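File shown: input36.tsv. Contents: TSV, C-alpha atoms.
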chain	number	residue	atom	x	y	z
A	4	MET	CA	-8.99	42.43	-37.80
A	5	ILE	CA	-8.63	38.67	-38.21
A	6	ASN	CA	-8.81	37.49	-41.82
A	7	ARG	CA	-11.64	34.95	-42.27
A	8	ARG	CA	-9.43	32.58	-44.26
A	9	ASN	CA	-6.67	32.71	-41.61
A	10	LEU	CA	-9.24	32.15	-38.88
A	11	LEU	CA	-10.60	29.03	-40.58
A	12	LYS	CA	-7.05	27.81	-41.19
A	13	SER	CA	-6.20	28.29	-37.52
A	14	LEU	CA	-9.32	26.41	-36.40
A	15	ALA	CA	-8.52	23.55	-38.76
A	16	LEU	CA	-4.96	23.24	-37.48
A	17	ALA	CA	-5.87	23.51	-33.78
A	18	PRO	CA	-6.79	19.82	-33.33
A	19	LEU	CA	-3.58	18.77	-35.08
A	20	ALA	CA	-1.57	21.00	-32.78
A	21	GLY	CA	-3.31	19.38	-29.80
A	22	VAL	CA	-2.41	15.92	-31.08
A	23	ALA	CA	1.20	16.96	-31.51
A	24	MET	CA	1.33	18.37	-27.99
A	25	ASN	CA	-0.17	15.20	-26.58
A	26	ALA	CA	2.25	13.06	-28.56
A	27	GLU	CA	5.14	15.05	-27.16
A	28	ALA	CA	3.74	14.83	-23.64
A	29	LYS	CA	3.29	11.06	-23.59
A	30	PRO	CA	6.92	10.17	-22.83
A	31	ASP	CA	6.87	12.59	-19.92
A	32	GLN	CA	3.69	11.03	-18.59
A	33	LYS	CA	5.30	7.58	-18.24
A	34	ARG	CA	5.23	6.73	-14.56
A	35	GLU	CA	8.33	5.09	-13.18
A	36	SER	CA	8.46	2.96	-10.07
A	37	ASN	CA	9.06	4.37	-6.63
A	38	PHE	CA	11.59	2.48	-4.53
A	39	LYS	CA	12.01	1.71	-0.86
A	40	PHE	CA	14.93	-0.20	0.61
A	41	SER	CA	14.75	-3.09	3.06
A	42	LEU	CA	17.19	-5.38	4.83
A	43	ASN	CA	16.36	-9.07	4.95
A	44	THR	CA	17.65	-10.30	8.30
A	45	SER	CA	19.32	-13.30	6.62
A	46	THR	CA	22.03	-10.86	5.51
A	47	ILE	CA	23.23	-10.38	9.10
A	48	ARG	CA	22.04	-13.68	10.59
A	49	GLY	CA	25.54	-15.03	11.11
A	50	GLN	CA	26.37	-12.28	13.60
A	51	LYS	CA	23.98	-14.01	16.04
A	52	LEU	CA	22.12	-10.82	16.93
A	53	SER	CA	18.76	-10.70	18.63
A	54	LEU	CA	15.78	-9.51	16.63
A	55	SER	CA	15.85	-6.26	18.59
A	56	GLU	CA	19.51	-5.73	17.67
A	57	MET	CA	18.81	-6.47	13.99
A	58	ILE	CA	16.03	-3.87	13.98
A	59	ASN	CA	18.46	-1.30	15.38
A	60	VAL	CA	21.16	-2.19	12.84
A	61	THR	CA	18.61	-1.74	10.04
A	62	ALA	CA	17.53	1.64	11.38
A	63	ARG	CA	21.08	2.92	11.87
A	64	ALA	CA	21.99	2.00	8.30
A	65	GLY	CA	19.10	4.07	6.94
A	66	TYR	CA	16.79	1.43	5.48
A	67	ASP	CA	13.07	2.08	5.10
A	68	GLY	CA	12.09	-1.39	6.22
A	69	ILE	CA	13.11	-4.79	7.46
A	70	GLU	CA	12.21	-8.24	6.13
A	71	LEU	CA	11.77	-10.70	8.98
A	72	TRP	CA	11.77	-14.48	9.26
A	73	ILE	CA	8.96	-16.25	11.12
A	74	MET	CA	11.50	-18.25	13.12
A	75	GLU	CA	12.94	-14.98	14.49
A	76	ILE	CA	9.50	-13.81	15.58
A	77	ASP	CA	8.91	-17.21	17.21
A	78	ALA	CA	12.18	-16.88	19.13
A	79	TYR	CA	11.24	-13.33	20.18
A	80	LEU	CA	7.90	-14.53	21.54
A	81	ALA	CA	9.52	-17.55	23.21
A	82	SER	CA	11.76	-15.16	25.15
A	83	GLY	CA	8.68	-13.83	26.92
A	84	LYS	CA	8.10	-10.73	24.80
A	85	SER	CA	4.88	-9.91	22.94
A	86	LEU	CA	3.82	-8.92	19.46
A	87	GLN	CA	2.80	-5.55	20.89
A	88	ALA	CA	6.34	-5.08	22.21
A	89	LEU	CA	7.79	-5.98	18.80
A	90	LYS	CA	5.52	-3.48	17.05
A	91	LYS	CA	6.63	-0.79	19.48
A	92	GLU	CA	10.29	-1.57	18.81
A	93	LEU	CA	9.69	-1.26	15.07
A	94	ASP	CA	7.75	1.98	15.49
A	95	ASP	CA	10.35	3.47	17.82
A	96	ALA	CA	13.10	2.62	15.32
A	97	GLY	CA	11.12	4.15	12.46
A	98	ILE	CA	11.30	0.85	10.58
A	99	GLU	CA	8.45	-0.92	8.78
A	100	ALA	CA	8.21	-4.70	8.74
A	101	VAL	CA	7.68	-4.96	4.97
A	102	ASN	CA	7.51	-8.74	4.57
A	103	ALA	CA	8.24	-11.98	6.39
A	104	ILE	CA	9.68	-15.31	5.32
A	105	GLY	CA	7.79	-18.44	6.35
A	106	PHE	CA	7.65	-22.09	5.31
A	107	ALA	CA	4.04	-23.24	5.51
A	108	THR	CA	3.20	-26.25	3.32
A	109	TRP	CA	0.12	-24.72	1.69
A	110	MET	CA	1.04	-25.92	-1.84
A	111	ALA	CA	1.64	-29.55	-0.85
A	112	GLN	CA	-0.21	-32.12	-2.98
A	113	ASP	CA	-0.93	-34.20	0.13
A	114	ALA	CA	-4.29	-32.95	1.41
A	115	GLU	CA	-3.45	-33.26	5.11
A	116	LYS	CA	-0.10	-31.56	4.72
A	117	SER	CA	-1.70	-28.74	2.71
A	118	LYS	CA	-4.43	-28.30	5.34
A	119	LYS	CA	-1.81	-27.97	8.08
A	120	GLY	CA	0.08	-25.51	5.90
A	121	PHE	CA	-2.97	-23.31	5.50
A	122	ALA	CA	-3.58	-23.35	9.25
A	123	GLN	CA	0.05	-22.44	9.91
A	124	ILE	CA	0.19	-19.56	7.46
A	125	GLU	CA	-3.12	-18.15	8.72
A	126	LYS	CA	-1.66	-18.05	12.23
A	127	GLU	CA	1.49	-16.37	10.90
A	128	MET	CA	-0.54	-13.85	8.88
A	129	ASN	CA	-2.46	-12.84	12.00
A	130	GLN	CA	0.79	-12.40	13.95
A	131	LEU	CA	2.32	-10.32	11.18
A	132	ALA	CA	-0.75	-8.13	10.86
A	133	ALA	CA	-0.46	-7.42	14.59
A	134	ILE	CA	2.99	-5.86	14.07
A	135	GLY	CA	1.93	-3.93	10.99
A	136	CYS	CA	3.47	-6.32	8.44
A	137	LYS	CA	1.23	-6.50	5.37
A	138	ARG	CA	3.00	-9.28	3.44
A	139	ILE	CA	4.30	-12.81	3.83
A	140	ALA	CA	6.37	-14.83	1.38
A	141	ALA	CA	4.55	-17.89	0.05
A	142	PRO	CA	7.07	-20.39	-1.37
A	143	ALA	CA	6.05	-23.87	-2.56
A	144	ILE	CA	7.30	-25.71	0.51
A	145	GLY	CA	5.94	-29.26	0.65
A	146	ALA	CA	5.17	-29.43	-3.06
A	147	GLU	CA	6.54	-32.31	-5.11
A	148	ALA	CA	7.40	-32.37	-8.81
A	149	PRO	CA	5.53	-32.18	-11.04
A	150	VAL	CA	3.33	-29.42	-9.65
A	151	ASP	CA	-0.17	-29.21	-11.12
A	152	LEU	CA	-0.24	-25.49	-11.93
A	153	PHE	CA	-4.05	-25.41	-12.11
A	154	GLU	CA	-4.35	-26.92	-8.64
A	155	ALA	CA	-1.61	-24.64	-7.29
A	156	GLY	CA	-3.48	-21.66	-8.73
A	157	GLU	CA	-6.65	-22.70	-6.90
A	158	LYS	CA	-4.70	-22.98	-3.65
A	159	TYR	CA	-3.04	-19.62	-4.17
A	160	ALA	CA	-6.50	-18.09	-4.70
A	161	GLN	CA	-7.53	-19.55	-1.31
A	162	LEU	CA	-4.36	-18.11	0.20
A	163	LEU	CA	-5.21	-14.66	-1.16
A	164	GLU	CA	-8.62	-14.91	0.50
A	165	LEU	CA	-6.86	-15.62	3.79
A	166	GLY	CA	-4.65	-12.62	3.17
A	167	ARG	CA	-7.61	-10.30	2.79
A	168	LYS	CA	-9.18	-11.81	5.92
A	169	THR	CA	-6.07	-11.31	8.05
A	170	GLY	CA	-4.62	-8.16	6.49
A	171	CYS	CA	-1.34	-9.83	5.45
A	172	MET	CA	-1.05	-10.72	1.77
A	173	PRO	CA	0.88	-13.73	0.38
A	174	GLN	CA	3.66	-13.02	-2.12
A	175	LEU	CA	4.13	-16.04	-4.41
A	176	GLU	CA	7.79	-17.04	-4.36
A	177	PHE	CA	9.83	-19.48	-6.46
A	178	TRP	CA	13.29	-20.87	-5.66
A	179	GLY	CA	15.78	-21.52	-8.44
A	180	ALA	CA	17.21	-24.70	-6.89
A	181	PHE	CA	13.87	-26.20	-5.80
A	182	PRO	CA	12.84	-28.72	-8.51
A	183	PRO	CA	9.06	-28.60	-7.97
A	184	PHE	CA	8.77	-24.80	-8.33
A	185	TYR	CA	11.88	-23.07	-9.62
A	186	GLN	CA	10.87	-21.00	-12.66
A	187	LEU	CA	9.38	-17.56	-13.16
A	188	GLY	CA	7.11	-19.12	-15.77
A	189	GLN	CA	5.61	-21.46	-13.19
A	190	ALA	CA	4.95	-18.58	-10.80
A	191	LEU	CA	3.38	-16.53	-13.59
A	192	ALA	CA	1.09	-19.44	-14.47
A	193	VAL	CA	-0.01	-20.03	-10.87
A	194	ALA	CA	-0.68	-16.33	-10.33
A	195	ALA	CA	-2.73	-16.22	-13.54
A	196	MET	CA	-4.65	-19.38	-12.57
A	197	ALA	CA	-5.61	-17.72	-9.27
A	198	ASN	CA	-7.39	-15.04	-11.33
A	199	ASP	CA	-7.17	-12.55	-8.48
A	200	ALA	CA	-6.27	-8.85	-8.67
A	201	ASP	CA	-4.29	-9.17	-5.43
A	202	ALA	CA	-1.91	-11.84	-6.79
A	203	ARG	CA	1.73	-10.81	-6.35
A	204	LEU	CA	5.08	-12.40	-7.23
A	205	LEU	CA	8.29	-12.20	-5.19
A	206	PRO	CA	11.23	-12.45	-7.63
A	207	ASP	CA	14.89	-12.67	-6.66
A	208	ILE	CA	18.01	-11.95	-8.74
A	209	TYR	CA	19.72	-15.15	-7.58
A	210	HIS	CA	16.66	-17.38	-8.10
A	211	LEU	CA	15.98	-15.97	-11.58
A	212	PHE	CA	19.56	-16.93	-12.46
A	213	ARG	CA	19.80	-20.21	-10.56
A	214	GLY	CA	16.59	-21.65	-11.99
A	215	GLY	CA	17.41	-20.62	-15.53
A	216	SER	CA	14.47	-18.20	-15.85
A	217	GLY	CA	16.66	-15.38	-17.10
A	218	PHE	CA	15.60	-11.77	-16.72
A	219	ASP	CA	13.58	-10.83	-19.79
A	220	GLY	CA	10.49	-12.51	-18.35
A	221	LEU	CA	10.31	-9.70	-15.77
A	222	LYS	CA	9.27	-7.41	-18.61
A	223	LEU	CA	5.93	-9.26	-18.74
A	224	LEU	CA	5.04	-8.06	-15.25
A	225	SER	CA	3.11	-4.89	-14.51
A	226	GLY	CA	3.97	-2.64	-11.61
A	227	ASN	CA	1.23	-4.07	-9.40
A	228	ALA	CA	2.46	-7.64	-9.85
A	229	VAL	CA	5.64	-7.08	-7.83
A	230	GLU	CA	5.80	-5.28	-4.49
A	231	VAL	CA	8.91	-6.92	-2.99
A	232	PHE	CA	12.02	-7.81	-4.97
A	233	HIS	CA	15.00	-9.60	-3.44
A	234	MET	CA	18.29	-7.94	-4.30
A	235	ASN	CA	21.63	-9.75	-4.54
A	236	ASP	CA	24.09	-10.85	-7.23
A	237	PHE	CA	25.94	-13.98	-8.24
A	238	PRO	CA	29.59	-14.70	-9.09
A	239	GLY	CA	30.81	-15.79	-12.50
A	240	THR	CA	33.28	-18.30	-11.10
A	241	LEU	CA	30.82	-21.21	-10.70
A	242	ALA	CA	28.44	-22.91	-13.08
A	243	ARG	CA	24.80	-21.91	-12.59
A	244	THR	CA	23.74	-25.33	-11.29
A	245	GLU	CA	26.60	-25.41	-8.79
A	246	GLN	CA	25.72	-22.15	-7.10
A	247	GLU	CA	24.09	-22.08	-3.68
A	248	ASP	CA	22.60	-19.43	-1.42
A	249	LYS	CA	25.96	-18.99	0.29
A	250	HIS	CA	27.51	-17.80	-2.96
A	251	ARG	CA	25.27	-14.72	-3.22
A	252	VAL	CA	27.16	-11.42	-3.18
A	253	TYR	CA	26.30	-7.73	-2.92
A	254	PRO	CA	24.47	-6.21	-5.90
A	255	GLY	CA	27.12	-5.14	-8.39
A	256	ASP	CA	29.81	-7.44	-7.02
A	257	GLY	CA	28.85	-10.29	-9.35
A	258	VAL	CA	28.04	-10.73	-13.00
A	259	GLY	CA	24.25	-10.35	-12.93
A	260	PRO	CA	22.60	-7.84	-15.30
A	261	LEU	CA	21.76	-5.45	-12.49
A	262	VAL	CA	21.59	-2.36	-14.71
A	263	GLU	CA	19.09	-4.08	-17.02
A	264	VAL	CA	17.00	-5.41	-14.12
A	265	ALA	CA	16.98	-1.99	-12.47
A	266	GLN	CA	15.67	-0.41	-15.66
A	267	THR	CA	12.99	-3.10	-15.99
A	268	LEU	CA	11.82	-2.43	-12.44
A	269	LYS	CA	11.87	1.31	-13.05
A	270	ASN	CA	9.72	0.88	-16.15
A	271	MET	CA	7.11	-1.22	-14.34
A	272	GLY	CA	5.55	1.59	-12.35
A	273	GLY	CA	4.21	1.20	-8.82
A	274	THR	CA	6.07	1.06	-5.52
A	275	LYS	CA	8.85	-1.51	-5.17
A	276	ILE	CA	10.50	-2.64	-1.95
A	277	LEU	CA	14.04	-3.74	-2.75
A	278	SER	CA	15.15	-6.12	-0.02
A	279	LEU	CA	18.78	-7.18	0.33
A	280	GLU	CA	18.82	-10.94	0.91
A	281	LEU	CA	22.24	-12.56	1.30
A	282	PHE	CA	23.53	-15.69	3.07
A	283	ASN	CA	27.24	-15.14	2.53
A	284	PRO	CA	29.54	-16.55	5.26
A	285	SER	CA	32.21	-13.93	4.53
A	286	LEU	CA	29.73	-11.20	5.47
A	287	TYR	CA	28.82	-13.00	8.68
A	288	ALA	CA	32.41	-12.51	9.82
A	289	MET	CA	32.08	-8.73	9.47
A	290	ASP	CA	30.51	-6.08	11.67
A	291	ALA	CA	26.74	-6.10	11.10
A	292	ASP	CA	26.54	-2.31	10.81
A	293	VAL	CA	29.18	-2.30	8.09
A	294	VAL	CA	27.40	-5.08	6.19
A	295	ALA	CA	24.05	-3.30	6.36
A	296	GLN	CA	25.43	0.10	5.36
A	297	THR	CA	27.48	-1.34	2.50
A	298	GLY	CA	24.49	-3.29	1.22
A	299	LEU	CA	22.32	-0.18	1.08
A	300	GLU	CA	24.98	1.72	-0.82
A	301	LYS	CA	25.38	-1.18	-3.27
A	302	MET	CA	21.65	-1.21	-4.02
A	303	LYS	CA	21.34	2.53	-4.38
A	304	GLN	CA	24.01	2.66	-7.08
A	305	PHE	CA	21.42	1.07	-9.41
A	306	PHE	CA	18.38	3.01	-8.17
How would this structure read if it were set down as structure tokens?
Amino acid sequence: MINRRNLLKSLALAPLAGVAMNAEAKPDQKRESNFKFSLNTSTIRGQKLSLSEMINVTARAGYDGIELWIMEIDAYLASGKSLQALKKELDDAGIEAVNAIGFATWMAQDAEKSKKGFAQIEKEMNQLAAIGCKRIAAPAIGAEAPVDLFEAGEKYAQLLELGRKTGCMPQLEFWGAFPPFYQLGQALAVAAMANDADARLLPDIYHLFRGGSGFDGLKLLSGNAVEVFHMNDFPGTLARTEQEDKHRVYPGDGVGPLVEVAQTLKNMGGTKILSLELFNPSLYAMDADVVAQTGLEKMKQFF
């Protein structure tokens, strides 16, 4: 028979035991990010392949997706092929078009230039949606320093509305060597000014370094704030301000804090598409399949 005193003691301790169990469970409940791997076609651009060939290279290497450039889609359409044909090629290869790189002047301070930029990116969003691509990079092309971050935030909010209308969402991008919009802090401010739950940033290892942002600022971002992240590395043989896109190297082949960045991305939560974006002439002299396969292996060593 249960002793009354022991029973009361057990009931009193039960809530404390529950708290202890919950406290122990919390670390296990922390949700890490899920990762997919993509190849930005800039990485194998120098091999002068057709878009169809680049899709096949990406598929053979084992990537989940491909990151296209609008100019490549334009060339594909100019050759007489259709968006429907491009979607079929992607589907047949088992590759998703995860994002696209365009250069619309939506953030320009000049009203006419900005208007044309919005018209251009809306057209591109519709084309991308037709091939199943749900994202487009939105850099600050056409902007001049100093950028009014409040005004840029209003324009980005308009861009997000266009994204919902078309089904292709703009990913706010900053470039480390572009004086008007080169810092993670600027991108954070513009995204916040937009005051929109669909706002997303598109960071890049090289641009975080080149613009002097550093990498600790990434820790301020939640998992939903970043869907695509450009992967690369930078050498330690040149001063930061002397480095150019052509100096980018494979992840792990430079001096960037890739282990730290990987852990930051893992801690964010959410799904991340890691896209290898290089412009290195030495890689353009190599076989495209080798470049793509090596790049995937280099990224996976950190994830």
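Across the model, the gap from atom CA of A:Ser36 to atom CA of A:Phe306 is 10.1 Å.
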Enclosing box along x, y and z for every listed atom of stretch 167-183 of chain A, padded 6 Å each side, centre and size in Å, one decimal, as AutoDock Vina command-line options:
--center_x 4.0 --center_y -18.4 --center_z -0.2 --size_x 38.4 --size_y 32.6 --size_z 28.6
| Shell around A:Ile104 at 6 Å using only C-alpha atoms, local window under 4 positions removed, as a list in words | Trp72, Ile73 and Ala140 of chain A
| request: Go through A:Ala192, A:Leu71, A:Leu42, A:Val101 and flag the residue nearest A:Asn235, using only C-alpha atoms for the distances. | output: A:Leu42
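Across the structure, atom CA of A:Ala195 and atom CA of A:Leu152 are spaced 9.7 Å apart.
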| query | Using all atoms listed in the file, which residue out of A:Gln87, A:Thr267, A:Asn227, A:Ser278 lies closest to A:Glu70? | reply |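 For A:Glu70, the nearest of the candidates is A:Ser278.
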| task | Find the residue from A:Val293, A:Ala202, A:Leu52, A:Ala111 that sits nearest to A:Ala148; use only C-alpha atoms when measuring. | result |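 The answer is A:Ala111, which sits nearest to A:Ala148.
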| message | Need the shell around A:Tyr209: protein/DNA/RNA residues with any atom at most 9 Å away, counting all atoms listed in the file. Skip same-chain ones fewer than 5 positions apart. Format as a VMD selection string? | response | chain A and resid 178 to 179 214 233 to 237 248 251 259
Export: stretch 26-112 of chain A, C-alpha atoms, as a short mmCIF file (atom, residue, chain, number, x, y, z; two decimals), in the first residue's frame:
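For reference, out11.cif as written:
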data_model
loop_
_atom_site.label_atom_id
_atom_site.label_comp_id
_atom_site.auth_asym_id
_atom_site.auth_seq_id
_atom_site.Cartn_x
_atom_site.Cartn_y
_atom_site.Cartn_z
CA ALA A 26 15.09 21.32 -19.80
CA GLU A 27 17.04 18.28 -20.93
CA ALA A 28 14.94 17.95 -24.07
CA LYS A 29 15.35 21.53 -25.25
CA PRO A 30 18.80 21.11 -26.82
CA ASP A 31 17.52 18.11 -28.75
CA GLN A 32 14.55 20.11 -30.00
CA LYS A 33 16.77 22.73 -31.68
CA ARG A 34 16.03 22.55 -35.38
CA GLU A 35 19.00 22.79 -37.68
CA SER A 36 18.87 23.89 -41.29
CA ASN A 37 18.31 21.50 -44.15
CA PHE A 38 20.63 21.95 -47.11
CA LYS A 39 20.32 21.57 -50.86
CA PHE A 40 23.17 22.08 -53.30
CA SER A 41 23.08 24.14 -56.48
CA LEU A 42 25.48 25.08 -59.25
CA ASN A 43 25.50 28.68 -60.42
CA THR A 44 26.21 28.54 -64.14
CA SER A 45 28.86 31.27 -63.80
CA THR A 46 31.13 28.54 -62.40
CA ILE A 47 31.31 26.80 -65.79
CA ARG A 48 30.58 29.77 -68.05
CA GLY A 49 34.07 29.87 -69.52
CA GLN A 50 33.64 26.44 -71.10
CA LYS A 51 31.20 28.07 -73.55
CA LEU A 52 28.51 25.43 -73.07
CA SER A 53 24.91 25.83 -74.10
CA LEU A 54 22.29 26.13 -71.37
CA SER A 55 21.16 22.60 -72.17
CA GLU A 56 24.71 21.31 -71.72
CA MET A 57 25.09 23.16 -68.41
CA ILE A 58 21.88 21.58 -67.14
CA ASN A 59 23.26 18.14 -68.00
CA VAL A 60 26.61 18.86 -66.34
CA THR A 61 24.76 19.93 -63.18
CA ALA A 62 22.66 16.77 -63.18
CA ARG A 63 25.60 14.44 -63.79
CA ALA A 64 27.52 15.98 -60.88
CA GLY A 65 24.64 15.27 -58.50
CA TYR A 66 23.40 18.76 -57.62
CA ASP A 67 19.83 19.32 -56.47
CA GLY A 68 19.42 22.50 -58.47
CA ILE A 69 20.87 25.01 -60.88
CA GLU A 70 21.12 28.79 -60.60
CA LEU A 71 20.58 30.42 -63.98
CA TRP A 72 21.38 33.82 -65.45
CA ILE A 73 18.68 35.76 -67.31
CA MET A 74 21.06 36.34 -70.23
CA GLU A 75 21.35 32.56 -70.68
CA ILE A 76 17.58 32.18 -70.78
CA ASP A 77 17.41 35.03 -73.30
CA ALA A 78 19.97 33.28 -75.51
CA TYR A 79 18.03 30.01 -75.20
CA LEU A 80 14.82 31.71 -76.33
CA ALA A 81 16.65 33.58 -79.11
CA SER A 82 17.76 30.21 -80.51
CA GLY A 83 14.12 29.41 -81.25
CA LYS A 84 13.38 27.29 -78.19
CA SER A 85 10.59 27.96 -75.69
CA LEU A 86 10.19 28.28 -71.94
CA GLN A 87 8.12 25.09 -72.04
CA ALA A 88 11.04 23.28 -73.68
CA LEU A 89 13.43 24.60 -71.02
CA LYS A 90 11.13 23.43 -68.22
CA LYS A 91 11.00 19.99 -69.81
CA GLU A 92 14.79 19.83 -70.01
CA LEU A 93 15.04 20.72 -66.32
CA ASP A 94 12.36 18.18 -65.37
CA ASP A 95 13.94 15.44 -67.48
CA ALA A 96 17.32 16.09 -65.85
CA GLY A 97 15.78 16.02 -62.37
CA ILE A 98 17.14 19.51 -61.70
CA GLU A 99 15.28 22.43 -60.14
CA ALA A 100 15.92 25.99 -61.27
CA VAL A 101 16.37 27.39 -57.75
CA ASN A 102 17.16 31.02 -58.56
CA ALA A 103 18.15 33.31 -61.41
CA ILE A 104 20.52 36.24 -61.70
CA GLY A 105 19.20 39.39 -63.37
CA PHE A 106 20.14 43.06 -63.55
CA ALA A 107 16.95 45.11 -63.53
CA THR A 108 17.36 48.70 -62.32
CA TRP A 109 14.49 48.62 -59.82
CA MET A 110 16.46 50.40 -57.05
CA ALA A 111 17.62 53.30 -59.23
CA GLN A 112 16.96 56.76 -57.78
#
